[in-house]
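Student: Sending over a structure as structure tokens; questions will come in a sec.
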Amino acid sequence: MSSKRMDSGSKDIISNLPDALLCHVLSFLPTTEAASTSVLAKRWRFLLAFVPNLDLDNMIYDRPKMGRRKRLELRKSFKLFVDRVMALQGNAPLKKFSLRCKIGSDPSRVNGWVLKVLDRGVEELDLYIASEYEYPLPPKVLMTKTLVSLKVSGTDEFTIDVGEFFLPKLKTLHLSAISFGDEGGPPFAKLISACHALEELVMIKMMWDYWEFCSVSSPSLKRVSIDCENIDENPKSVSFDTPNLVYLEFTDTVAVKYPKVNFDSLVEASIGLRMTPDQVFDARDLVNRHHGYKRCKGANAADFMMGVCNVKTMYLSSEALEVLTFCCKKAIPVFNNLIHLTVETDERVDWESLPILLKNCPNLETLIFEVPSHILFLHDLTHFFSNTG
């Protein structure tokens, strides 16, 4: 290679880009890495002040193997780093703020950062706060006009216990391992009703069995994923009023009743309904089976299944298949639009409802079984279909 070509190839083309474009490139990096570019040249020294996205994470350094002293030092240096970044950027507009950190008994430092970015008009807020103590989300987070996306997760002590909500621009809401205060009625219903533009709702590791009534009501929702951890009790009442919902992923213990299930636009559903452990024990008891199948008390999934009967694609967990057998006080509905069905199988689960379900899917084109990878159960599956036609 000639020296002329070598000289051409060694030019600093990146540094010749406009500041706005360089800041855009830096916005895709973790903030610690973006900050390290300040040592490259004078041109890069203050670019971090105008980066529209901040991605701050001290969890990758906070590991038990490091020892307590080292972890405390890293936490301290992380806090100082964030303070310097906040001071450098001042009141510049901010598009996205992502924070993952572990805090002690005093959340005031973290709350200060969160409140600061809210004042700067942040549009996307992604928080993962790990704490050994109860950490209440600052109320202002749920009273912000600029937020378009809000993701909140953390430990079991992460709580939302505020009386008022106002998130008019919010389109995406992700909540994981969050507990709601229950004074003055379920705040979750109030939260959803305050999000007039909400399109996607994700709730993971949620607990709502202590509520008298749970309702998901929103005309704007298009995608909902809910995974509830309460397994020992049947929720008393669960309702859905989501006429424009297209996708549903729902895992929960089957409720006593479903007063309203409005899924007029639903296309795809993944159903993970399950019975309580006591109900499972009674359902699988061989003596009870010998004397005929008995419907379990305190649970009825019939109205919920009727609400999803217009779907085109459906996934049923093995527990949900068992719910159809023991927790439907009405006949299994007809799924006229269903063309793709996936059923998770388990040799411990009763299959009594499956032949009826298949007969009630007149236009089914694709049937998939998620089968455990041992030959005995495959043989049992073949034997089942040979006997049921």
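Convention: chains lettered A, B, ... in structure tokens order; per-chain residue numbering from 1; ligands numbered from 1 as shown.
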What's the 10 Å shell around Thr342 in chain A, counting only C-alpha atoms, without same-chain residues fewer than 5 positions away, as JSON, numbers by chain?

Tutor: {"A": [270, 313, 314, 315, 316, 317, 366, 367, 368, 369, 370]}

Student: Among range 16-156 of chain A, which ones does DSSP place in strand (DSSP E or B), written as number ranges by chain?

Tutor: A: 53-57, 96-103, 124-131, 135-136, 149-154

Student: With C-alpha atoms retained, write the just-selected residues as a PDB file, in the first residue's frame.

Tutor:
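Saved as again_21.pdb:
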ATOM      1  CA  ASN A  53     -29.956  10.283  25.537  1.00  0.00           C
ATOM      2  CA  LEU A  54     -28.447   9.262  28.883  1.00  0.00           C
ATOM      3  CA  ASP A  55     -27.859   5.575  29.658  1.00  0.00           C
ATOM      4  CA  LEU A  56     -26.523   5.172  33.201  1.00  0.00           C
ATOM      5  CA  ASP A  57     -25.880   1.754  34.747  1.00  0.00           C
ATOM      6  CA  LYS A  96     -34.336   9.520  26.924  1.00  0.00           C
ATOM      7  CA  PHE A  97     -33.085   8.813  30.446  1.00  0.00           C
ATOM      8  CA  SER A  98     -32.232   5.227  31.392  1.00  0.00           C
ATOM      9  CA  LEU A  99     -31.047   4.517  34.936  1.00  0.00           C
ATOM     10  CA  ARG A 100     -30.107   1.182  36.484  1.00  0.00           C
ATOM     11  CA  CYS A 101     -28.693   1.379  39.971  1.00  0.00           C
ATOM     12  CA  LYS A 102     -28.696  -0.072  43.458  1.00  0.00           C
ATOM     13  CA  ILE A 103     -29.321   2.293  46.327  1.00  0.00           C
ATOM     14  CA  GLU A 124     -38.602   8.235  27.567  1.00  0.00           C
ATOM     15  CA  LEU A 125     -37.911   7.230  31.169  1.00  0.00           C
ATOM     16  CA  ASP A 126     -36.500   3.782  31.965  1.00  0.00           C
ATOM     17  CA  LEU A 127     -35.838   3.077  35.665  1.00  0.00           C
ATOM     18  CA  TYR A 128     -34.504  -0.019  37.377  1.00  0.00           C
ATOM     19  CA  ILE A 129     -34.002   0.711  41.064  1.00  0.00           C
ATOM     20  CA  ALA A 130     -32.720  -2.094  43.291  1.00  0.00           C
ATOM     21  CA  SER A 131     -33.142  -1.413  46.990  1.00  0.00           C
ATOM     22  CA  TYR A 135     -38.622   2.760  47.421  1.00  0.00           C
ATOM     23  CA  PRO A 136     -41.684   4.827  46.506  1.00  0.00           C
ATOM     24  CA  SER A 149     -42.602   5.875  27.300  1.00  0.00           C
ATOM     25  CA  LEU A 150     -42.279   4.838  30.958  1.00  0.00           C
ATOM     26  CA  LYS A 151     -40.574   1.656  32.130  1.00  0.00           C
ATOM     27  CA  VAL A 152     -40.279   0.993  35.860  1.00  0.00           C
ATOM     28  CA  SER A 153     -38.870  -2.099  37.545  1.00  0.00           C
ATOM     29  CA  GLY A 154     -36.916  -3.066  40.614  1.00  0.00           C
TER      30      GLY A 154
END

Student: Neighbouring residues of range 106-119 of chain A were defined as those with any atom within 8 Å, considering only C-alpha atoms; residues of the same chain fewer than 2 positions away were excluded. Please report them as a list in words.

Tutor: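 Answer for this query is Lys79, Met86, Asn91, Leu94, Phe97, Ile103, Gly104, Gly121, Val122, Tyr135, Pro138, Lys140, Val141 and Thr144 of chain A.
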
Student: Output the selection as a tab-separated table (two decimals), in the first residue's frame - C-alpha atoms for each residue.

Tutor:
chain	number	residue	atom	x	y	z
A	79	LYS	CA	-23.13	8.97	41.98
A	86	MET	CA	-26.26	16.43	35.14
A	91	ASN	CA	-31.34	22.34	31.46
A	94	LEU	CA	-33.54	15.41	27.02
A	97	PHE	CA	-33.08	8.81	30.45
A	103	ILE	CA	-29.32	2.29	46.33
A	104	GLY	CA	-29.24	2.14	50.12
A	121	GLY	CA	-38.93	17.45	29.41
A	122	VAL	CA	-37.70	13.88	29.08
A	135	TYR	CA	-38.62	2.76	47.42
A	138	PRO	CA	-41.64	10.04	43.07
A	140	LYS	CA	-44.16	13.65	39.79
A	141	VAL	CA	-43.21	10.75	37.49
A	144	THR	CA	-45.66	14.43	33.62

Student: So that I can check the secondary structure, give me every residue of range 68-234 of chain A assigned helix (DSSP H, G or I) by backbone DSSP, as a ChimeraX atom specification.

Tutor: /A:68-89,108-119,139-143,187-193

Student: Write the residues you've just listed into a file as a PDB file, in the first residue's frame, and include C-alpha atoms for each of them.

Tutor:
ATOM      1  CA  ARG A  68     -18.470  -4.843  50.108  1.00  0.00           C
ATOM      2  CA  ARG A  69     -15.804  -2.125  50.265  1.00  0.00           C
ATOM      3  CA  LYS A  70     -15.170  -2.149  46.526  1.00  0.00           C
ATOM      4  CA  ARG A  71     -18.886  -2.053  45.759  1.00  0.00           C
ATOM      5  CA  LEU A  72     -19.414   0.928  48.069  1.00  0.00           C
ATOM      6  CA  GLU A  73     -16.552   2.773  46.350  1.00  0.00           C
ATOM      7  CA  LEU A  74     -18.037   2.081  42.920  1.00  0.00           C
ATOM      8  CA  ARG A  75     -21.477   3.259  44.032  1.00  0.00           C
ATOM      9  CA  LYS A  76     -19.957   6.496  45.333  1.00  0.00           C
ATOM     10  CA  SER A  77     -17.989   7.134  42.136  1.00  0.00           C
ATOM     11  CA  PHE A  78     -21.090   6.380  40.068  1.00  0.00           C
ATOM     12  CA  LYS A  79     -23.132   8.971  41.981  1.00  0.00           C
ATOM     13  CA  LEU A  80     -20.410  11.575  41.512  1.00  0.00           C
ATOM     14  CA  PHE A  81     -20.238  10.786  37.793  1.00  0.00           C
ATOM     15  CA  VAL A  82     -24.003  11.210  37.357  1.00  0.00           C
ATOM     16  CA  ASP A  83     -23.908  14.492  39.299  1.00  0.00           C
ATOM     17  CA  ARG A  84     -21.189  15.808  36.974  1.00  0.00           C
ATOM     18  CA  VAL A  85     -23.103  14.764  33.850  1.00  0.00           C
ATOM     19  CA  MET A  86     -26.264  16.429  35.141  1.00  0.00           C
ATOM     20  CA  ALA A  87     -24.351  19.609  35.934  1.00  0.00           C
ATOM     21  CA  LEU A  88     -22.663  19.597  32.511  1.00  0.00           C
ATOM     22  CA  GLN A  89     -25.934  19.247  30.624  1.00  0.00           C
ATOM     23  CA  SER A 108     -32.921  11.307  47.753  1.00  0.00           C
ATOM     24  CA  ARG A 109     -29.934  11.316  45.347  1.00  0.00           C
ATOM     25  CA  VAL A 110     -31.728   9.141  42.813  1.00  0.00           C
ATOM     26  CA  ASN A 111     -34.966  11.082  43.205  1.00  0.00           C
ATOM     27  CA  GLY A 112     -33.050  14.279  42.507  1.00  0.00           C
ATOM     28  CA  TRP A 113     -31.806  12.904  39.185  1.00  0.00           C
ATOM     29  CA  VAL A 114     -35.282  11.704  38.203  1.00  0.00           C
ATOM     30  CA  LEU A 115     -36.957  15.002  39.082  1.00  0.00           C
ATOM     31  CA  LYS A 116     -34.240  16.890  37.199  1.00  0.00           C
ATOM     32  CA  VAL A 117     -34.783  15.001  33.935  1.00  0.00           C
ATOM     33  CA  LEU A 118     -38.547  15.429  34.286  1.00  0.00           C
ATOM     34  CA  ASP A 119     -38.000  19.198  34.479  1.00  0.00           C
ATOM     35  CA  PRO A 139     -45.260  11.161  42.456  1.00  0.00           C
ATOM     36  CA  LYS A 140     -44.157  13.648  39.789  1.00  0.00           C
ATOM     37  CA  VAL A 141     -43.206  10.753  37.494  1.00  0.00           C
ATOM     38  CA  LEU A 142     -46.902   9.960  37.143  1.00  0.00           C
ATOM     39  CA  MET A 143     -47.867  13.606  36.609  1.00  0.00           C
ATOM     40  CA  PRO A 187     -54.765   2.985  41.855  1.00  0.00           C
ATOM     41  CA  PHE A 188     -53.952   0.822  38.839  1.00  0.00           C
ATOM     42  CA  ALA A 189     -57.342   1.543  37.251  1.00  0.00           C
ATOM     43  CA  LYS A 190     -56.801   5.264  37.845  1.00  0.00           C
ATOM     44  CA  LEU A 191     -53.353   5.072  36.278  1.00  0.00           C
ATOM     45  CA  ILE A 192     -54.641   3.466  33.085  1.00  0.00           C
ATOM     46  CA  SER A 193     -57.518   5.926  32.768  1.00  0.00           C
TER      47      SER A 193
END

Student: Between CA of Gly90 in chain A and CA of Val25 in chain A, what is the spacing in Å?

Tutor: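 CA of Val25 in chain A sits 20.3 Å away from CA of Gly90 in chain A.
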
Student: Tell me which protein, DNA and RNA residues are within 10 Å of Asp278 in chain A, counting only C-alpha atoms, leaving out same-chain ones fewer than 5 positions away, and put them as a ChimeraX atom specification.

Tutor: /A:231-233,283,296

Student: Could you check which of A:Val254, A:Ile14, A:Ser220, A:Ser179 is closest to Glu199 in chain A, using only C-alpha atoms?

Tutor: A:Ser220
